[in-house]
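Structure file run_14.cif (mmCIF, C-alpha atoms) follows.
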data_protein
loop_
_atom_site.label_atom_id
_atom_site.label_comp_id
_atom_site.auth_asym_id
_atom_site.auth_seq_id
_atom_site.Cartn_x
_atom_site.Cartn_y
_atom_site.Cartn_z
CA MET A 1 222.16 -105.63 -39.13
CA ARG A 2 223.46 -105.32 -42.65
CA LYS A 3 222.97 -106.96 -45.99
CA ASP A 4 225.90 -108.92 -47.30
CA LYS A 5 227.10 -108.19 -50.78
CA PRO A 6 226.55 -110.92 -53.37
CA GLN A 7 228.88 -113.78 -52.71
CA SER A 8 230.31 -116.44 -54.91
CA LYS A 9 230.61 -119.95 -53.57
CA SER A 10 234.33 -119.48 -53.00
CA GLU A 11 234.28 -116.12 -51.23
CA LYS A 12 232.48 -114.98 -48.16
CA VAL A 13 232.43 -111.70 -46.31
CA ALA A 14 233.41 -112.09 -42.69
CA THR A 15 230.51 -111.35 -40.36
CA VAL A 16 230.72 -109.61 -37.00
CA GLU A 17 230.12 -112.95 -35.31
CA GLU A 18 232.89 -114.68 -37.26
CA ILE A 19 235.37 -111.91 -36.51
CA SER A 20 234.39 -111.94 -32.83
CA ASP A 21 234.83 -115.70 -32.68
CA ALA A 22 238.18 -115.46 -34.47
CA ILE A 23 239.38 -112.85 -31.96
CA GLU A 24 238.56 -115.20 -29.09
CA GLN A 25 240.47 -118.02 -30.73
CA VAL A 26 243.77 -116.21 -31.33
CA SER A 27 246.47 -117.69 -29.09
CA PRO A 28 248.69 -115.54 -26.86
CA ASP A 29 251.55 -116.27 -29.27
CA GLY A 30 249.39 -115.08 -32.14
CA TRP A 31 248.66 -111.83 -30.34
CA ALA A 32 252.38 -111.44 -29.61
CA LYS A 33 253.09 -111.58 -33.33
CA VAL A 34 250.31 -109.08 -34.07
CA TYR A 35 251.70 -106.82 -31.36
CA ALA A 36 255.27 -106.94 -32.72
CA PHE A 37 254.04 -106.18 -36.22
CA ALA A 38 251.67 -103.41 -35.11
CA LYS A 39 254.41 -101.84 -33.00
CA ASN A 40 256.68 -101.83 -36.03
CA ARG A 41 254.03 -100.21 -38.24
CA ALA A 42 253.17 -97.62 -35.59
CA ARG A 43 256.81 -96.57 -35.66
CA PHE A 44 256.69 -96.49 -39.43
CA MET A 45 253.62 -94.25 -39.31
CA ALA A 46 255.36 -91.97 -36.82
CA LEU A 47 257.84 -91.18 -39.58
CA TYR A 48 254.92 -89.66 -41.44
CA GLY A 49 253.35 -87.73 -38.60
CA GLY A 50 251.33 -90.64 -37.23
CA SER A 51 250.62 -90.77 -33.53
CA VAL A 52 249.09 -94.17 -32.92
CA ASP A 53 250.18 -97.10 -30.84
CA GLU A 54 249.84 -100.82 -31.46
CA SER A 55 246.46 -101.04 -29.72
CA ASP A 56 245.05 -98.24 -31.89
CA LEU A 57 246.22 -100.08 -34.99
CA VAL A 58 244.68 -103.40 -33.96
CA GLN A 59 241.37 -101.70 -33.15
CA GLU A 60 241.37 -99.86 -36.47
CA ALA A 61 242.30 -103.02 -38.34
CA ILE A 62 239.34 -104.94 -36.92
CA ALA A 63 236.95 -102.06 -37.63
CA ALA A 64 238.35 -101.83 -41.17
CA LEU A 65 237.94 -105.56 -41.73
CA LEU A 66 234.27 -105.23 -40.86
CA GLN A 67 233.61 -101.89 -42.53
CA GLU A 68 235.37 -102.71 -45.77
CA ARG A 69 233.65 -106.06 -45.76
CA ARG A 70 236.70 -107.96 -46.86
CA THR A 71 236.42 -111.53 -47.88
CA TRP A 72 238.06 -114.03 -45.61
CA LYS A 73 238.33 -117.76 -45.92
CA PRO A 74 238.94 -119.02 -42.39
CA SER A 75 239.83 -122.47 -43.66
CA GLN A 76 242.61 -121.08 -45.83
CA VAL A 77 243.85 -117.90 -44.19
CA ASN A 78 244.94 -117.59 -40.60
CA PHE A 79 243.16 -114.74 -38.82
CA VAL A 80 246.48 -113.39 -37.54
CA GLY A 81 247.57 -113.12 -41.17
CA VAL A 82 244.38 -111.26 -42.07
CA LEU A 83 244.88 -108.87 -39.19
CA ILE A 84 248.51 -108.22 -40.09
CA GLY A 85 247.48 -107.55 -43.67
CA ALA A 86 244.90 -105.01 -42.51
CA ILE A 87 247.45 -103.29 -40.27
CA ARG A 88 249.95 -103.13 -43.12
CA SER A 89 247.27 -101.59 -45.32
CA ILE A 90 246.41 -98.94 -42.72
CA ALA A 91 250.08 -97.99 -42.38
CA SER A 92 250.58 -97.78 -46.16
CA ASN A 93 247.45 -95.69 -46.57
CA HIS A 94 248.64 -93.36 -43.83
CA LYS A 95 251.92 -92.81 -45.62
CA ALA A 96 250.15 -92.18 -48.93
CA LYS A 97 247.72 -89.74 -47.36
CA SER A 98 250.49 -87.95 -45.52
CA LEU A 99 252.48 -87.48 -48.69
CA SER A 100 249.49 -86.39 -50.74
CA SER A 101 248.45 -83.90 -48.08
CA GLY A 102 251.89 -82.37 -48.09
CA TYR A 103 253.20 -83.79 -44.84
CA SER A 104 256.79 -82.90 -44.50
CA ILE A 105 259.51 -84.60 -42.60
CA PRO A 106 260.83 -82.21 -39.96
CA GLU A 107 263.67 -80.14 -41.27
CA SER A 108 265.84 -81.26 -38.41
CA GLN A 109 265.41 -84.88 -39.55
CA ILE A 110 266.63 -84.21 -43.04
CA THR A 111 270.30 -84.90 -43.07
CA THR A 112 272.63 -85.04 -45.97
CA THR A 113 274.60 -88.20 -46.49
CA ASP A 114 278.32 -88.25 -46.08
CA GLU A 115 278.70 -89.07 -49.73
CA GLY A 116 276.65 -86.06 -50.71
CA ASP A 117 274.36 -88.31 -52.72
CA GLU A 118 271.44 -86.14 -53.82
CA SER A 119 269.29 -89.19 -54.51
CA GLU A 120 269.22 -89.89 -50.80
CA ALA A 121 267.49 -86.60 -50.11
CA PRO A 122 263.72 -86.86 -49.65
CA THR A 123 262.68 -85.47 -53.01
CA ALA A 124 258.96 -85.77 -52.38
CA LEU A 125 259.14 -84.37 -48.89
CA HIS A 126 259.89 -80.77 -48.20
CA ALA A 127 260.76 -79.34 -44.86
CA ASP A 128 257.89 -77.43 -43.33
CA PRO A 129 259.25 -73.95 -42.77
CA ARG A 130 256.64 -73.01 -40.19
CA PRO A 131 255.85 -75.78 -37.71
CA ASN A 132 254.06 -74.53 -34.64
CA GLN A 133 255.58 -74.82 -31.19
CA GLU A 134 253.76 -78.02 -30.25
CA GLN A 135 254.62 -79.69 -33.56
CA THR A 136 258.21 -78.69 -33.11
CA MET A 137 258.32 -80.21 -29.65
CA ILE A 138 256.61 -83.44 -30.69
CA ARG A 139 258.80 -83.77 -33.72
CA ALA A 140 261.93 -83.12 -31.72
CA GLU A 141 260.94 -85.79 -29.21
CA ARG A 142 260.20 -88.29 -31.97
CA GLU A 143 263.38 -87.48 -33.76
CA ALA A 144 265.46 -87.98 -30.66
CA ASP A 145 263.57 -91.16 -29.85
CA ASN A 146 263.86 -92.59 -33.36
CA VAL A 147 267.52 -91.84 -33.72
CA LEU A 148 268.34 -93.21 -30.30
CA ARG A 149 266.38 -96.39 -30.91
CA ILE A 150 267.99 -97.14 -34.24
CA GLN A 151 271.44 -96.18 -33.07
CA LYS A 152 271.12 -98.47 -30.06
CA LEU A 153 270.05 -101.38 -32.23
CA TYR A 154 272.88 -100.70 -34.65
CA SER A 155 275.40 -100.35 -31.83
CA SER A 156 274.26 -103.63 -30.31
CA PHE A 157 275.84 -105.34 -33.29
CA ASP A 158 279.26 -103.85 -32.71
CA ARG A 159 280.75 -107.32 -32.56
CA ASP A 160 278.60 -108.81 -35.31
CA LYS A 161 280.01 -107.56 -38.58
CA GLU A 162 277.65 -109.67 -40.66
CA ALA A 163 274.60 -108.13 -39.02
CA ARG A 164 276.00 -104.64 -39.44
CA ASP A 165 276.68 -105.29 -43.10
CA VAL A 166 273.12 -106.49 -43.68
CA MET A 167 271.73 -103.49 -41.79
CA ASP A 168 273.93 -101.22 -43.88
CA GLY A 169 272.53 -102.86 -47.00
CA TRP A 170 268.96 -102.26 -45.83
CA ARG A 171 269.87 -98.74 -44.93
CA GLU A 172 271.10 -98.07 -48.42
CA GLY A 173 267.99 -99.53 -50.00
CA MET A 174 269.55 -102.73 -51.27
CA SER A 175 267.42 -105.80 -51.86
CA GLY A 176 268.14 -109.09 -50.15
CA THR A 177 269.56 -110.48 -53.39
CA GLU A 178 271.90 -107.52 -53.80
CA ILE A 179 273.09 -107.86 -50.23
CA MET A 180 273.73 -111.56 -50.75
CA GLU A 181 275.79 -110.79 -53.84
CA VAL A 182 277.82 -108.07 -52.17
CA LEU A 183 278.44 -110.07 -49.00
CA GLU A 184 278.86 -113.32 -50.93
CA ILE A 185 276.46 -115.26 -48.76
CA ASP A 186 273.63 -117.61 -49.70
CA ARG A 187 269.94 -117.07 -48.91
CA LYS A 188 270.03 -119.27 -45.84
CA GLY A 189 272.93 -117.27 -44.46
CA TYR A 190 271.20 -113.99 -45.24
CA GLU A 191 267.99 -115.09 -43.56
CA THR A 192 269.88 -116.27 -40.50
CA ILE A 193 271.51 -112.85 -40.14
CA ALA A 194 268.20 -111.07 -40.76
CA LYS A 195 266.61 -113.15 -38.02
CA ARG A 196 269.36 -112.12 -35.62
CA ILE A 197 268.58 -108.48 -36.29
CA ARG A 198 264.83 -109.01 -35.97
CA ARG A 199 265.25 -111.02 -32.79
CA ASN A 200 267.30 -108.24 -31.27
CA SER A 201 264.79 -105.59 -32.34
CA VAL A 202 261.80 -107.55 -31.04
CA GLU A 203 263.51 -108.11 -27.71
CA ARG A 204 264.43 -104.44 -27.45
CA TRP A 205 261.37 -102.78 -28.88
CA SER A 206 258.48 -104.76 -27.47
CA LYS A 207 258.31 -102.92 -24.19
CA VAL A 208 254.80 -102.38 -22.96
CA ASN A 209 253.44 -98.92 -22.14
CA THR A 210 255.61 -97.09 -24.61
CA HIS A 211 253.70 -94.88 -26.98
CA VAL A 212 255.21 -95.09 -30.43
CA SER A 213 258.63 -95.54 -28.95
CA MET B 1 279.54 -99.59 -45.92
CA SER B 2 277.97 -96.86 -43.77
CA ALA B 3 279.87 -95.97 -40.67
CA ASN B 4 278.32 -94.52 -37.51
CA LYS B 5 276.68 -91.66 -39.34
CA ARG B 6 273.27 -90.59 -38.22
CA TRP B 7 270.27 -92.53 -39.58
CA THR B 8 267.86 -90.57 -41.72
CA PRO B 9 264.06 -91.17 -41.62
CA GLN B 10 264.28 -92.84 -45.02
CA GLU B 11 266.92 -95.23 -43.77
CA GLU B 12 264.87 -95.97 -40.67
CA GLU B 13 261.85 -96.66 -42.88
CA ARG B 14 263.82 -99.20 -44.91
CA LEU B 15 265.01 -100.92 -41.76
CA LEU B 16 261.48 -101.01 -40.33
CA ASP B 17 260.13 -102.45 -43.58
CA HIS B 18 262.67 -105.28 -43.55
CA LEU B 19 261.92 -106.02 -39.91
CA ALA B 20 258.17 -105.97 -40.59
CA ASP B 21 258.62 -108.50 -43.41
CA SER B 22 260.68 -110.66 -41.09
CA ILE B 23 258.04 -110.55 -38.35
CA GLU B 24 255.25 -111.32 -40.81
CA THR B 25 256.94 -114.39 -42.26
CA GLU B 26 258.03 -115.85 -38.94
CA PRO B 27 255.75 -118.26 -37.02
CA ALA B 28 253.95 -116.64 -34.06
CA THR B 29 255.59 -119.07 -31.64
CA VAL B 30 259.04 -117.82 -32.63
CA ILE B 31 258.13 -114.14 -32.24
CA ALA B 32 256.49 -114.84 -28.88
CA ALA B 33 259.56 -116.75 -27.71
CA GLU B 34 261.80 -113.84 -28.69
CA MET B 35 259.60 -111.45 -26.75
CA LYS B 36 259.67 -113.71 -23.70
CA GLU B 37 263.44 -113.93 -23.91
CA GLY B 38 263.49 -110.16 -23.93
CA GLY B 39 261.63 -110.21 -20.61
CA HIS B 40 258.25 -109.22 -22.00
CA ASP B 41 254.98 -110.43 -20.53
CA VAL B 42 253.31 -112.08 -23.50
CA THR B 43 250.17 -112.87 -21.52
CA GLU B 44 249.68 -109.22 -20.65
CA ILE B 45 250.42 -108.15 -24.21
CA ALA B 46 247.95 -110.73 -25.56
CA GLY B 47 245.30 -109.40 -23.19
CA ARG B 48 245.83 -105.84 -24.39
CA MET B 49 245.70 -106.83 -28.05
CA ARG B 50 242.56 -108.89 -27.56
CA ALA B 51 240.89 -105.97 -25.77
CA ALA B 52 241.88 -103.65 -28.62
CA ALA B 53 240.45 -106.08 -31.17
CA LEU B 54 237.15 -106.31 -29.30
CA ALA B 55 237.08 -102.52 -29.12
CA GLY B 56 237.32 -102.59 -32.91
CA VAL B 57 234.22 -104.76 -33.08
CA ARG B 58 232.37 -102.34 -30.78
CA GLN B 59 233.56 -99.40 -32.87
CA PHE B 60 232.10 -101.04 -35.96
CA LYS B 61 228.81 -101.90 -34.29
CA GLN B 62 228.39 -98.32 -33.10
CA SER B 63 228.87 -97.07 -36.64
CA LEU B 64 225.97 -99.14 -37.95
CA PRO B 65 222.44 -97.73 -38.40
CA LEU B 66 219.97 -99.21 -35.91
CA THR B 67 217.56 -101.97 -36.91
CA PRO B 68 213.80 -101.32 -36.44
CA GLN B 69 213.86 -103.46 -33.29
CA GLU B 70 216.84 -101.54 -31.91
CA GLN B 71 215.15 -98.23 -32.77
CA GLU B 72 212.06 -99.38 -30.85
CA VAL B 73 214.20 -100.23 -27.83
CA VAL B 74 215.86 -96.80 -27.99
CA ARG B 75 212.45 -95.08 -28.28
CA THR B 76 211.12 -97.01 -25.29
CA GLU B 77 214.19 -96.20 -23.23
CA ARG B 78 213.92 -92.51 -24.13
CA ALA B 79 210.20 -92.41 -23.28
CA THR B 80 210.81 -94.14 -19.96
CA SER B 81 213.58 -91.72 -19.15
CA ARG B 82 211.40 -88.70 -19.95
CA VAL B 83 208.52 -89.95 -17.82
CA GLN B 84 210.88 -90.61 -14.93
CA THR B 85 212.32 -87.11 -15.27
CA LEU B 86 208.85 -85.62 -15.34
CA LEU B 87 207.76 -87.59 -12.26
CA ALA B 88 210.90 -86.55 -10.43
CA SER B 89 210.25 -82.89 -11.21
CA LEU B 90 206.61 -83.22 -10.09
CA ARG B 91 207.75 -84.67 -6.78
CA GLY B 92 209.83 -81.52 -6.32
CA VAL B 93 206.89 -79.27 -7.12
CA GLY B 94 204.66 -81.32 -4.79
CA GLY B 95 206.43 -79.89 -1.77
CA LEU B 96 205.45 -76.43 -2.79
CA LEU B 97 201.81 -77.34 -3.35
CA ALA B 98 201.26 -79.29 -0.09
CA PRO B 99 199.16 -77.55 2.66
CA ASN B 100 201.22 -75.81 5.27
CA THR B 101 200.38 -77.39 8.63
CA SER B 102 202.54 -75.07 10.70
CA PHE B 103 200.68 -71.90 11.79
CA ALA B 104 203.50 -70.22 13.67
CA PRO B 105 205.25 -68.86 10.58
CA ALA B 106 201.94 -67.60 9.27
CA TYR B 107 201.29 -65.83 12.56
CA ARG B 108 204.71 -64.24 12.57
CA ASN B 109 204.22 -63.11 9.00
CA LYS B 110 200.81 -61.77 9.92
CA GLN B 111 202.29 -59.78 12.82
CA GLU B 112 204.63 -58.08 10.49
CA ASP B 113 201.71 -56.95 8.41
CA THR B 114 199.48 -55.89 11.34
CA PRO B 115 198.43 -52.22 11.10
CA ALA B 116 198.91 -49.90 14.07
CA SER B 117 195.13 -49.83 14.87
CA ASP B 118 195.05 -53.62 15.22
CA GLU B 119 198.10 -53.49 17.43
CA GLU B 120 196.33 -51.01 19.72
CA LEU B 121 193.28 -53.28 19.88
CA LEU B 122 195.43 -56.29 20.73
CA ARG B 123 197.22 -54.28 23.42
CA GLN B 124 193.92 -53.29 25.02
CA GLN B 125 192.66 -56.86 24.99
CA GLN B 126 195.88 -58.01 26.60
CA GLU B 127 195.44 -55.39 29.36
CA ASP B 128 191.85 -56.57 29.94
CA LEU B 129 193.03 -60.15 30.25
CA ASP B 130 195.76 -59.10 32.65
CA ARG B 131 193.24 -57.22 34.87
CA LYS B 132 190.89 -60.21 34.95
CA THR B 133 193.64 -62.55 36.02
CA LYS B 134 194.54 -60.20 38.87
#
Please express the file's structure as structure tokens.
Amino acid sequence: MRKDKPQSKSEKVATVEEISDAIEQVSPDGWAKVYAFAKNRARFMALYGGSVDESDLVQEAIAALLQERRTWKPSQVNFVGVLIGAIRSIASNHKAKSLSSGYSIPESQITTTDEGDESEAPTALHADPRPNQEQTMIRAEREADNVLRIQKLYSSFDRDKEARDVMDGWREGMSGTEIMEVLEIDRKGYETIAKRIRRNSVERWSKVNTHVS
Amino acid sequence: MSANKRWTPQEEERLLDHLADSIETEPATVIAAEMKEGGHDVTEIAGRMRAAALAGVRQFKQSLPLTPQEQEVVRTERATSRVQTLLASLRGVGGLLAPNTSFAPAYRNKQEDTPASDEELLRQQQEDLDRKTK
């Protein structure tokens, strides 16, 4: 079908047959992880005008793996890891393309912070003054959906101050190390709290048959 | 820190990024267990993801140029299809070309075209036949 590019002894381009075999060998748990990650990245892409679901992302990731003829060492790298890497790359590229093409976050989504911190404003993104009716409707639905989803997750930690503090740190763009310093907790403690948040989000957000929701 | 103020898209992006990192670094068994605890059907989800992955393989294959052997197969299939279409159309035409074994319609059509002189002749012949039978 196609000629492989020159290979060194240590690297090998994955063939269609190898990818097909690898797909068949992924366990249900492995697919669950891919699903959770893809669902997360689909939501991320929705922030930049994307309208894909987790299945679209997995399909695109496989096609990209084959088209871009990436090297893959099955003995060293888990296929689920390869797939997640490809999905992450698709999502990042989408954001980059959206920004370079002038995609703008809906005006209604741009809110000023309580502190009036100008640095929080999306400097690279400008509100589109003339969205058409359909865009306005879609954006409004997404906005309502996004806000509701995040608010519900945040509210679910009403009685877990540690989790709220970590979420607040993420919200403000703090690194894990900064959060640990501010909250005076060690890495193990931070990771335990982060897992609680992730666990809650996975349980809440993994519903089937929801399109970018 | 932040109170119950509304989340901005940038803040949501940061949260999603942290959650994505957390999902990526966690073993698949743990993520699957969390989904099951949330009441999600992991078997169904796995089936959907596998189907999507296989669709990706098909998508790639369809984007490839055909090999000479595949081109030959496509040519043969096209030729076969054209011949079958041609034969089917000839069968339709065949009905029009077949001899008409029913004379009644032809007679009726002929009557319509019969000139008045012929009609008079036929009438006289009919009268002769009627007299003879009497």
One-decimal distance in Å that lies between CA of Ala42 (chain A) and CA of Lys73 (chain A):
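Those two atoms sit 27.1 Å apart.
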Can you turn the PyMOL selection byres ((chain B) within 8 of (chain A)) into a concrete residue list for this file, as number ranges by chain?
B: 1-2, 5-16, 18-20, 22-24, 28-29, 31-32, 34-40, 42-43, 45-50, 52-57, 59-60, 64-67
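Taking CA of Ile193 (chain A) as the reference point, CA of Ala86 (chain A) is found at 27.8 Å.
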Kindly give the distance, in Å, that separates CA of Glu119 (chain B) and CA of Arg131 (chain B), rounded to a single decimal.
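Distance between the two atoms: 18.5 Å.
Closest approach to Ser101 (chain A) among A:Lys152, A:Val82, A:Gly49, A:Thr177 is made by A:Gly49 (distances from only C-alpha atoms).
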